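Here is the structure we will look at, set down as structure tokens.
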Amino acid sequence: MELTTVWFVIIAFLWTSYFFLEGFDFGVGMLLPVLGRDDVERRVVINTIGPVWDGNEVWFIVAGAATFAAFPEWYATLFSGFYLPLLAILLSLIVRGVAFEYRGKRDDARWRARWDRAIFWGSLLPAFLWGVAFSNIVRGVPLDASHEFSGTLLDLLNPFALLGGLTTTVLFVLHGAVFLALKTSGEIRFRARRVAEIAVVAAIAVGGSFLLVTQLQHGKPVTWLTAGGAAAGLLLAAAANRRGREGWAFIGTGAAIVLAVATLFTALFPDVMPSTLASGTLTTDNAASSDYTLKIMTWVAAAFTPIVMIYQGWTYWVFRKRIGTAHIPAVPKKKPEPVR
């Protein structure tokens, strides 16, 4: 196997891991105002991802850095042509991260409500825009002979891309609801399961439509298997959630996301960014770095990727227990200052 193909697979793995892990983070953030009916319940919802959300975002940084190093032409075209959507994603992630850290800094209901809205929108916008971005990558965008984006923002907001954005949003809401049912106890757990029952129907309808259109327009024989596997994952999640088997439901939603992303990358290969014009398509060959660079990167990835996976797996193991409102300490009331 050529190194360019190896690194296409590695980058696909990194992005898939990011969407699998950050997907339930986004889902939890979008469900914060739905499942958290008072401040204590909202603290429970946030604490389910508190120890892991920043570690999940590391996969985004690594995926972007790997794309830059292995396929610099792809990175340059992607981040210049998709500048506004990617800027919106980055700003949303920054605001969302600040909201997690600042929400509890003041004992003020309005202060917390503002940061709760920031968490919601900071989760919703990236969830939607990532779907729009990757749908456009698979569909193709207008690239000239110099591999430069020659379209406008409206070219990116086409029906296929918008359907892709809606698909990722619904999938992440479902993934987050199942994660919350798996990680919480009491009323929040059962509320999350009820939300998952609704979300899985929407995910099957919207996600199934998107994968079918993708397959008919850009698919290959092998992607029928991955797309079918994604649909099977959603059916597994629906059945397991109905029976109260949250672990199996989470496996189902995770498999659906992984196989849906695999469908997109498999349909894309060997291109990395198709052009809708006569020339300009970027492939794994004309977008790649030198063989020497790819060799060095391969050794580095082989050494450090298992370490990152082991460490992150250990983190999830340490914080594996369910939490509920009983685990949230009461906020001490301020004593009135003495009158002088």
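All residue names refer to the structure tokens as shown: chains lettered A, B, ... in order, residues numbered from 1 in each chain, ligands numbered from 1 in order.
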
I want to know what sits within 12 Å of segment 315-332 of chain A, based on only C-alpha atoms, with residues of the same chain fewer than 4 positions away left out; could you give that as a VMD selection string?
chain A and resid 21 36 to 56 104 to 109 179 to 190 246 to 247 308 to 311

DSSP alpha helix (DSSP H) selection over segment 137-176 of chain A, as a ChimeraX atom specification
/A:137-139,153-156,159-176

Write the selection just made, keeping N, CA, C and O atoms, as a CSV table (one decimal), in the first residue's frame?
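Result file part04.csv:
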```
chain,number,residue,atom,x,y,z
A,137,ILE,N,-17.2,18.3,0.6
A,137,ILE,CA,-15.9,17.7,0.2
A,137,ILE,C,-16.2,16.5,-0.7
A,137,ILE,O,-15.6,16.2,-1.7
A,138,VAL,N,-17.2,15.7,-0.3
A,138,VAL,CA,-17.6,14.5,-1.1
A,138,VAL,C,-18.3,14.9,-2.4
A,138,VAL,O,-18.0,14.4,-3.5
A,139,ARG,N,-19.1,15.9,-2.4
A,139,ARG,CA,-19.9,16.3,-3.6
A,139,ARG,C,-19.0,17.0,-4.6
A,139,ARG,O,-19.1,16.8,-5.8
A,153,LEU,N,-19.9,31.5,-1.0
A,153,LEU,CA,-20.5,30.8,0.2
A,153,LEU,C,-21.8,30.1,-0.2
A,153,LEU,O,-22.1,29.1,0.3
A,154,LEU,N,-22.5,30.7,-1.1
A,154,LEU,CA,-23.8,30.1,-1.5
A,154,LEU,C,-23.5,28.8,-2.2
A,154,LEU,O,-24.4,27.9,-2.2
A,155,ASP,N,-22.4,28.6,-2.8
A,155,ASP,CA,-22.1,27.3,-3.5
A,155,ASP,C,-22.0,26.2,-2.4
A,155,ASP,O,-22.3,25.0,-2.7
A,156,LEU,N,-21.6,26.6,-1.2
A,156,LEU,CA,-21.5,25.6,-0.1
A,156,LEU,C,-22.8,25.2,0.5
A,156,LEU,O,-22.9,24.2,1.2
A,159,PRO,N,-28.4,22.0,-1.5
A,159,PRO,CA,-29.3,21.1,-0.8
A,159,PRO,C,-28.6,19.8,-0.2
A,159,PRO,O,-28.9,19.4,0.9
A,160,PHE,N,-27.7,19.2,-1.0
A,160,PHE,CA,-27.0,18.0,-0.5
A,160,PHE,C,-26.2,18.3,0.8
A,160,PHE,O,-26.2,17.6,1.8
A,161,ALA,N,-25.5,19.5,0.8
A,161,ALA,CA,-24.7,19.9,2.0
A,161,ALA,C,-25.6,20.2,3.2
A,161,ALA,O,-25.3,19.8,4.3
A,162,LEU,N,-26.7,20.9,2.9
A,162,LEU,CA,-27.6,21.2,4.0
A,162,LEU,C,-28.2,19.9,4.6
A,162,LEU,O,-28.4,19.8,5.8
A,163,LEU,N,-28.5,18.9,3.7
A,163,LEU,CA,-29.0,17.6,4.2
A,163,LEU,C,-28.0,16.9,5.1
A,163,LEU,O,-28.3,16.3,6.1
A,164,GLY,N,-26.7,17.1,4.6
A,164,GLY,CA,-25.6,16.5,5.4
A,164,GLY,C,-25.5,17.2,6.8
A,164,GLY,O,-25.2,16.5,7.8
A,165,GLY,N,-25.6,18.5,6.8
A,165,GLY,CA,-25.6,19.2,8.1
A,165,GLY,C,-26.7,18.8,9.0
A,165,GLY,O,-26.5,18.6,10.2
A,166,LEU,N,-27.9,18.6,8.5
A,166,LEU,CA,-29.0,18.2,9.3
A,166,LEU,C,-28.8,16.8,9.8
A,166,LEU,O,-29.1,16.4,10.9
A,167,THR,N,-28.1,15.9,9.0
A,167,THR,CA,-27.9,14.6,9.4
A,167,THR,C,-26.9,14.5,10.6
A,167,THR,O,-27.2,13.8,11.5
A,168,THR,N,-25.8,15.2,10.5
A,168,THR,CA,-24.9,15.2,11.6
A,168,THR,C,-25.5,15.8,12.9
A,168,THR,O,-25.3,15.3,14.0
A,169,THR,N,-26.3,16.8,12.7
A,169,THR,CA,-27.0,17.4,13.9
A,169,THR,C,-27.9,16.4,14.6
A,169,THR,O,-27.8,16.2,15.8
A,170,VAL,N,-28.7,15.7,13.8
A,170,VAL,CA,-29.6,14.7,14.4
A,170,VAL,C,-28.9,13.6,15.0
A,170,VAL,O,-29.2,13.1,16.0
A,171,LEU,N,-27.9,13.1,14.2
A,171,LEU,CA,-27.1,11.9,14.8
A,171,LEU,C,-26.4,12.3,16.1
A,171,LEU,O,-26.4,11.5,17.0
A,172,PHE,N,-25.9,13.5,16.2
A,172,PHE,CA,-25.2,13.9,17.4
A,172,PHE,C,-26.2,14.1,18.6
A,172,PHE,O,-25.8,13.8,19.7
A,173,VAL,N,-27.4,14.6,18.3
A,173,VAL,CA,-28.4,14.7,19.3
A,173,VAL,C,-28.7,13.3,19.8
A,173,VAL,O,-28.8,13.1,21.1
A,174,LEU,N,-28.9,12.3,18.9
A,174,LEU,CA,-29.2,11.0,19.3
A,174,LEU,C,-28.0,10.4,20.1
A,174,LEU,O,-28.2,9.8,21.2
A,175,HIS,N,-26.8,10.6,19.6
A,175,HIS,CA,-25.6,10.1,20.3
A,175,HIS,C,-25.5,10.7,21.7
A,175,HIS,O,-25.2,9.9,22.7
A,176,GLY,N,-25.8,12.0,21.8
A,176,GLY,CA,-25.7,12.6,23.1
A,176,GLY,C,-26.8,12.1,24.1
A,176,GLY,O,-26.6,12.0,25.3
```

Who sits within 12 Å of Gly228 of chain A, only C-alpha atoms, same chain under 5 positions skipped, as a list in words
Ile204, Gly207, Gly208, Leu211, Leu212, Gln215, Pro221, Val222, Thr223, Gly233, Leu234, Leu235, Ala255, Ala256, Leu259, Ala260, Ala262 and Thr263 of chain A

Choose the residue, out of A:Thr253, A:Arg245, A:His218, A:Ile61, that has the smallest atom-to-atom separation from Val200 of chain A; count only C-alpha atoms.
A:Thr253

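Of the listed residues (A:Leu268, A:Ile307, A:Val213, A:Ala65), A:Leu268 comes nearest to Thr281 of chain A; the distances count only C-alpha atoms.
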
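Here the DSSP assignment of strand (DSSP E), based on backbone atoms, applies within segment 104-303 of chain A to Asp271, Val272, Met273, Leu282 and Thr283 of chain A.
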
Between atom CA of Ala238 of chain A and atom CA of Gly252 of chain A, measure the distance and give it in Å to one decimal.
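Atom CA of Gly252 of chain A lies 8.3 Å from atom CA of Ala238 of chain A.
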
Distance in Å - atom CA of Asn136 of chain A versus atom CA of Ala202 of chain A:
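That distance, rounded to one decimal, is 22.2 Å.
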
Close residues, Ala63 of chain A itself excluded, 9 Å, only C-alpha atoms, min 6 positions apart in chain, as a count of residues only
7

Considering only C-alpha atoms, return as a count of residues only whatever protein or nucleic-acid residues lie within 6 Å of Gly29 of chain A, sequence-local ones (same chain, fewer than 4 positions apart) excluded.
3

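Residues with any atom within 12 Å of Pro274 of chain A, counting only C-alpha atoms and excluding same-chain neighbours fewer than 6 positions away, are A:Trp74, A:Thr77, A:Leu78, A:Phe134, A:Ser135, A:Asn136, A:Ile137, A:Val138, A:Arg139, A:Gly140, A:Val141, A:Pro142, A:Leu143, A:Asp144, A:His147, A:Glu148, A:Phe149, A:His218, A:Ala267, A:Leu268, A:Gly280, A:Thr281, A:Leu282, A:Thr283, A:Thr284, A:Ala287.
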
Measure the distance from atom CA of Asp116 of chain A to atom CA of Ala196 of chain A in Å and round it to one decimal.
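Between these atoms lies a distance of 21.2 Å.
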
Can you pull out every residue within 8 Å of Leu3 of chain A, counting only C-alpha atoms, but drop anything in the same chain fewer than 4 positions away, and send it as a VMD selection string?
chain A and resid 7 291 294 to 295

Among listed residues A:Thr67, A:Ser92, A:Ser146, A:Gln312, nearest Leu125 of chain A (using only C-alpha atoms):
A:Ser92
